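Asker: One structure, pasted below without further comment.
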Amino acid sequence: MISTGRQIMKVAWRVSICVGFLGLISIGAVIGKQIPLEKTKHITVGNWGAIKYDPATLENMKLWEQQTGIKVKYVEVPAEQAQAKYMSMFMARSGAIDTFDYDPGLVFQYSRAGWLEPLDDLYPPEIRKEYADAFWEAYIQDGHVWGSPHFGAGFFVVGNKQMLKDAGYSRLPQTWNELVEYAQKLTRDLDGDGVPDIYGYSYHFGRANEYETFLTILSSIDGKYHDEEGRVRFSFDEELEAVQLMVDLRNKYKVVPPDVIGMSGGKEADMFLAERLAMYQVYSPHLMTTLKPWLEEDKLLYDLFPGKELGQVGAELEIAGYYVNVNSTKKEAVRSFLKFMAGDQAQKNELLIEADLPLLKRTVDDPEVKVKPYADLVKRLLEVGMGWTGPYPELIRDQMFELVGSALRGTLTAEEAMKNLDEKALQIQEELF
């Protein structure tokens, strides 16, 4: 069931698309006289959430201010209010916020409504190849670039080195079959009550992160979730294989905690540090922060998620980029800001200050970064990571949580869940295609 709030949002999307196609707002339209760079006193940047949680972003803003003499005024926009606030701004044709960072979920609707400034001039093909491919897969729609790289985050498999050694393993599993084998051997019922005290593996499948494990597994077998028309689909064989593996790990092999449905990465980290979990799918910032003491003490093994066949690996790559308000009167200054935030110093700061992943691939070759134990892993993740993109992401992911969740609980088969999910996804996207 889609909530009333989500239904209202969907109606608003329909209105915005109709407005865009009627030509009342045109792509790249200039609203108001543009202020030259040298006469710009400040720009206003929408920040996704409280700035205190984004120390690298704040530091980079200060560095750009020092470089240009232009002040950055930031507006903290809570995640749960972001879409409503930005939509209200655009419907009013306001330039109150010049640029803002957000995930790719807005690209499809906002670009077709004519609310975003295209950034093709900033990122021609020869520049785009310097960044993770997943970013452009998400932020290019209808042949135009709609976002500028900010930062990323992804998932690795991490293991307790001593537990693996005690079980006879010197490395992490390199295929799905090995993952099952390792997890079965590492899952242990210490008190004989029939309930494991230590689980061999864990992934999470909570609301708002339901796609992370799915995309991680899907990318490990070079799967896809878009058809030739760009629609999000759940009818491909590889998608069914990915969900079936999730179901089997929980229900057939019983090597993951049963409450993976609704589990967060924080709970997994707590279980891992308490040695109640031998391996799990770790969020990259947690590897560099929460697990940092173990990392420094060489108590961890870490790698990308294994594929079905030896040599295959996969990862989900979350990405965030800056959008430019088509109504901004300070687009020259905004472009300068975006180029800085996507540049070498800012991207390195994202990794070293905030433990976010850089989207600029050469960042991992920087001398300060190369010495980090996870540098090579980050480099590989940027090469293979798959991000989520497509229209109505929340609506589709709501359905994923309900239907794939039902398969994990055993009330639907994986086949039934994916068939129903594909039908629901097509219905949600119907008016856009």
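Residue names in the structure tokens use chain letters A, B, ... in the order shown, residue numbers from 1 in each chain, and ligand numbers from 1 in the order shown.
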Excluding Leu421 (chain A) and any residue of its chain fewer than 5 positions from it, enumerate the residues within 7 Å of it, using only C-alpha atoms, and give them as a PyMOL selection string.
Answerer: chain A and resi 234+399-400+403
Asker: If DSSP is run on the backbone, what residues of region 152-293 of chain A are strand (DSSP E or B)? A reply as a VMD selection string would be ideal.
Answerer: chain A and resid 152 to 160 175 188 198 to 199 205 226 232 261 277 279 to 283
Asker: Can you spit out the residues from that selection as a PDB file, in the first residue's frame, using C-alpha atoms?
Answerer:
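The result, written out as selection.pdb:
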ATOM      1  CA  GLY A 152      29.553   8.440  -2.883  1.00  0.00           C
ATOM      2  CA  ALA A 153      29.272   5.525  -0.490  1.00  0.00           C
ATOM      3  CA  GLY A 154      29.247   1.805  -1.144  1.00  0.00           C
ATOM      4  CA  PHE A 155      29.348  -1.653   0.344  1.00  0.00           C
ATOM      5  CA  PHE A 156      32.106  -4.149   0.977  1.00  0.00           C
ATOM      6  CA  VAL A 157      32.123  -7.611   2.494  1.00  0.00           C
ATOM      7  CA  VAL A 158      34.075  -7.622   5.741  1.00  0.00           C
ATOM      8  CA  GLY A 159      35.073 -10.617   7.842  1.00  0.00           C
ATOM      9  CA  ASN A 160      36.469 -11.373  11.298  1.00  0.00           C
ATOM     10  CA  THR A 175      31.929 -17.087  -5.333  1.00  0.00           C
ATOM     11  CA  ARG A 188      27.324 -21.724  15.316  1.00  0.00           C
ATOM     12  CA  ILE A 198      26.995 -16.587  15.849  1.00  0.00           C
ATOM     13  CA  TYR A 199      25.799 -16.045  12.295  1.00  0.00           C
ATOM     14  CA  PHE A 205      16.962  -5.113   4.008  1.00  0.00           C
ATOM     15  CA  HIS A 226      16.255  -1.057 -16.845  1.00  0.00           C
ATOM     16  CA  VAL A 232      12.838   0.183 -14.094  1.00  0.00           C
ATOM     17  CA  ILE A 261      14.274  -7.571   7.236  1.00  0.00           C
ATOM     18  CA  LEU A 277      28.624 -12.139  13.286  1.00  0.00           C
ATOM     19  CA  MET A 279      31.007 -11.661   7.965  1.00  0.00           C
ATOM     20  CA  TYR A 280      28.669  -8.965   6.757  1.00  0.00           C
ATOM     21  CA  GLN A 281      27.957  -6.378   4.100  1.00  0.00           C
ATOM     22  CA  VAL A 282      29.492  -3.217   5.553  1.00  0.00           C
ATOM     23  CA  TYR A 283      28.688   0.365   4.580  1.00  0.00           C
TER      24      TYR A 283
END
Asker: May I have the residues within 12 Å of Leu58 (chain A) as a ChimeraX atom specification, using only C-alpha atoms and disregarding those fewer than 4 positions away in the same chain?
Answerer: /A:45,47,50-54,62-65,72-76,341,346,349-350,353-354
Asker: Skip region 290-295 of chain A itself and residues of its chain fewer than 4 positions away, then list as a VMD selection string all residues within 9 Å of it, counting only C-alpha atoms.
Answerer: chain A and resid 269 273 285 to 286 299 to 301 373
Asker: Compile the contact shell of Asp121 (chain A) as a PyMOL selection string: residues with an atom at most 10 Å away, counting only C-alpha atoms, same-chain residues fewer than 2 positions apart removed.
Answerer: chain A and resi 118-119+123-125+144-145+335
Asker: Please provide as a list in words all residues within 9 Å of region 409-411 of chain A, with the sequence filter that same-chain residues fewer than 4 positions apart are discarded (counting only C-alpha atoms).
Answerer: Val247, Arg250, Asn251, Pro258, Ile261, Val404 and Gly405 of chain A
Asker: Residues of region 282-354 of chain A that have any atom at most 10 Å from an atom of region 79-94 of chain A: could you tabulate them with the shortest-distance atom pair and the distance in Å to one decimal, using only C-alpha atoms, ordered by chain and increasing number, as JSON lines?
Answerer:
{"residue": "A:Asn325", "atom": "CA", "partner": "A:Phe90", "partner_atom": "CA", "distance": 8.0}
{"residue": "A:Val326", "atom": "CA", "partner": "A:Arg93", "partner_atom": "CA", "distance": 8.6}
{"residue": "A:Asn327", "atom": "CA", "partner": "A:Ser94", "partner_atom": "CA", "distance": 6.1}
{"residue": "A:Ser328", "atom": "CA", "partner": "A:Ser94", "partner_atom": "CA", "distance": 7.8}
Asker: Write to file, as a short mmCIF file (atom, residue, chain, number, x, y, z; two decimals), in the first residue's frame, the residues of the selection just made, with C-alpha atoms.
Answerer:
data_model
loop_
_atom_site.label_atom_id
_atom_site.label_comp_id
_atom_site.auth_asym_id
_atom_site.auth_seq_id
_atom_site.Cartn_x
_atom_site.Cartn_y
_atom_site.Cartn_z
CA ASN A 325 18.15 25.50 -10.10
CA VAL A 326 17.12 26.73 -13.55
CA ASN A 327 15.84 29.91 -11.87
CA SER A 328 19.20 30.83 -10.33
#
Asker: Residues of region 18-96 of chain A classed as helix (DSSP H, G or I) by DSSP on the backbone are to be reported as a PyMOL selection string.
Answerer: chain A and resi 18-21+37-39+51-53+55-68+79-91
Asker: Output N, CA and C atoms for every residue in the selection just made, as a compact mmCIF listing (two decimals), in the first residue's frame.
Answerer:
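Final file, part-v2.txt:
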# COMPACT_ATOMS: atom_id res chain seq x y z
N CYS A 18 3.42 17.64 -16.75
CA CYS A 18 2.53 18.28 -17.71
C CYS A 18 2.96 19.72 -17.94
N VAL A 19 3.32 20.42 -16.86
CA VAL A 19 3.77 21.80 -16.99
C VAL A 19 5.00 21.87 -17.89
N GLY A 20 5.93 20.96 -17.66
CA GLY A 20 7.16 20.94 -18.45
C GLY A 20 6.88 20.70 -19.91
N PHE A 21 6.05 19.74 -20.23
CA PHE A 21 5.80 19.38 -21.62
C PHE A 21 4.95 20.42 -22.34
N LEU A 37 30.18 36.47 -12.58
CA LEU A 37 30.97 35.89 -11.50
C LEU A 37 31.61 36.98 -10.65
N GLU A 38 32.22 37.97 -11.29
CA GLU A 38 32.97 38.98 -10.54
C GLU A 38 32.07 39.89 -9.71
N LYS A 39 30.77 39.88 -9.99
CA LYS A 39 29.85 40.71 -9.22
C LYS A 39 29.00 39.91 -8.24
N ILE A 51 24.42 20.43 8.38
CA ILE A 51 25.79 20.59 7.89
C ILE A 51 26.81 20.01 8.88
N LYS A 52 26.46 19.90 10.16
CA LYS A 52 27.41 19.37 11.15
C LYS A 52 27.76 17.92 10.86
N TYR A 53 26.91 17.22 10.10
CA TYR A 53 27.21 15.84 9.72
C TYR A 53 28.00 15.76 8.42
N PRO A 55 31.22 17.44 7.57
CA PRO A 55 32.39 18.30 7.80
C PRO A 55 33.24 18.51 6.56
N ALA A 56 33.31 17.54 5.68
CA ALA A 56 34.10 17.73 4.45
C ALA A 56 33.44 18.77 3.55
N THR A 57 32.12 18.70 3.43
CA THR A 57 31.40 19.68 2.63
C THR A 57 31.62 21.08 3.17
N LEU A 58 31.54 21.24 4.48
CA LEU A 58 31.74 22.54 5.10
C LEU A 58 33.16 23.05 4.86
N GLU A 59 34.15 22.18 5.02
CA GLU A 59 35.53 22.57 4.77
C GLU A 59 35.73 22.97 3.31
N ASN A 60 35.14 22.23 2.41
CA ASN A 60 35.28 22.55 0.98
C ASN A 60 34.60 23.86 0.63
N MET A 61 33.46 24.13 1.26
CA MET A 61 32.81 25.43 1.05
C MET A 61 33.73 26.57 1.47
N LYS A 62 34.39 26.40 2.61
CA LYS A 62 35.29 27.45 3.11
C LYS A 62 36.47 27.64 2.16
N LEU A 63 37.01 26.55 1.64
CA LEU A 63 38.13 26.64 0.71
C LEU A 63 37.73 27.38 -0.57
N TRP A 64 36.53 27.11 -1.08
CA TRP A 64 36.06 27.81 -2.28
C TRP A 64 35.83 29.29 -1.99
N GLU A 65 35.31 29.61 -0.81
CA GLU A 65 35.15 31.01 -0.42
C GLU A 65 36.49 31.74 -0.43
N GLN A 66 37.51 31.10 0.14
CA GLN A 66 38.84 31.70 0.18
C GLN A 66 39.41 31.90 -1.22
N GLN A 67 39.12 30.96 -2.10
CA GLN A 67 39.64 31.01 -3.46
C GLN A 67 38.96 32.09 -4.30
N THR A 68 37.67 32.29 -4.09
CA THR A 68 36.90 33.18 -4.96
C THR A 68 36.45 34.48 -4.31
N ALA A 79 16.16 15.62 5.23
CA ALA A 79 15.91 14.67 4.15
C ALA A 79 14.42 14.43 3.93
N GLU A 80 13.67 14.32 5.04
CA GLU A 80 12.25 13.99 4.91
C GLU A 80 11.43 15.16 4.36
N GLN A 81 12.01 16.37 4.34
CA GLN A 81 11.30 17.54 3.83
C GLN A 81 11.81 18.01 2.47
N ALA A 82 12.91 17.41 2.02
CA ALA A 82 13.62 17.93 0.86
C ALA A 82 12.74 18.01 -0.39
N GLN A 83 12.09 16.92 -0.73
CA GLN A 83 11.34 16.92 -1.98
C GLN A 83 10.21 17.94 -1.96
N ALA A 84 9.49 18.03 -0.84
CA ALA A 84 8.39 18.99 -0.74
C ALA A 84 8.90 20.43 -0.83
N LYS A 85 10.01 20.71 -0.16
CA LYS A 85 10.55 22.07 -0.16
C LYS A 85 11.06 22.46 -1.54
N TYR A 86 11.80 21.57 -2.18
CA TYR A 86 12.33 21.90 -3.50
C TYR A 86 11.22 22.01 -4.53
N MET A 87 10.23 21.14 -4.42
CA MET A 87 9.13 21.20 -5.38
C MET A 87 8.38 22.53 -5.24
N SER A 88 8.16 22.96 -4.00
CA SER A 88 7.48 24.24 -3.78
C SER A 88 8.28 25.38 -4.39
N MET A 89 9.61 25.34 -4.22
CA MET A 89 10.47 26.37 -4.79
C MET A 89 10.36 26.41 -6.30
N PHE A 90 10.39 25.25 -6.92
CA PHE A 90 10.34 25.21 -8.38
C PHE A 90 8.98 25.61 -8.92
N MET A 91 7.92 25.16 -8.27
CA MET A 91 6.59 25.53 -8.73
C MET A 91 6.37 27.04 -8.65
Asker: When distances are computed from only C-alpha atoms, which of A:His204, A:Lys224, A:Arg231, A:Lys252 shows the smallest separation from Glu431 (chain A)?
Answerer: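 Once distances to Glu431 (chain A) are computed over only C-alpha atoms, the minimum belongs to A:Arg231.
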Asker: Between A:Lys185, A:Arg233, A:Lys71, A:Arg276, which one has atoms that come closest to Met418 (chain A), using only C-alpha atoms?
Answerer: A:Arg233
Asker: Find, counting only C-alpha atoms, the residue in A:Phe236, A:Tyr131, A:Trp146, A:Tyr110 that gets nearest to Gly223 (chain A).
Answerer: A:Phe236
Asker: Can you measure CA of Val243 (chain A) to CA of Lys424 (chain A) for me? One decimal in Å is fine.
Answerer: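 So the two atoms, CA of Val243 (chain A) and CA of Lys424 (chain A), lie 16.8 Å apart.
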Asker: Between CA of Met288 (chain A) and CA of Ala355 (chain A), what is the spacing in Å?
Answerer: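 Distance reported for this atom pair: 6.1 Å.
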Asker: Pick out the closest residue to Pro393 (chain A) from this set: A:Thr329, A:Asn209, A:Gln312, A:Thr99. Count only C-alpha atoms.
Answerer: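 Checking each of A:Thr329, A:Asn209, A:Gln312, A:Thr99 against Pro393 (chain A), counting only C-alpha atoms, the winner is A:Asn209.
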Asker: Using only C-alpha atoms, pick whichever of A:Gly314, A:Gly262, A:Gly168, A:Gly143 has the shortest atom-to-atom distance to Phe108 (chain A).
Answerer: A:Gly143
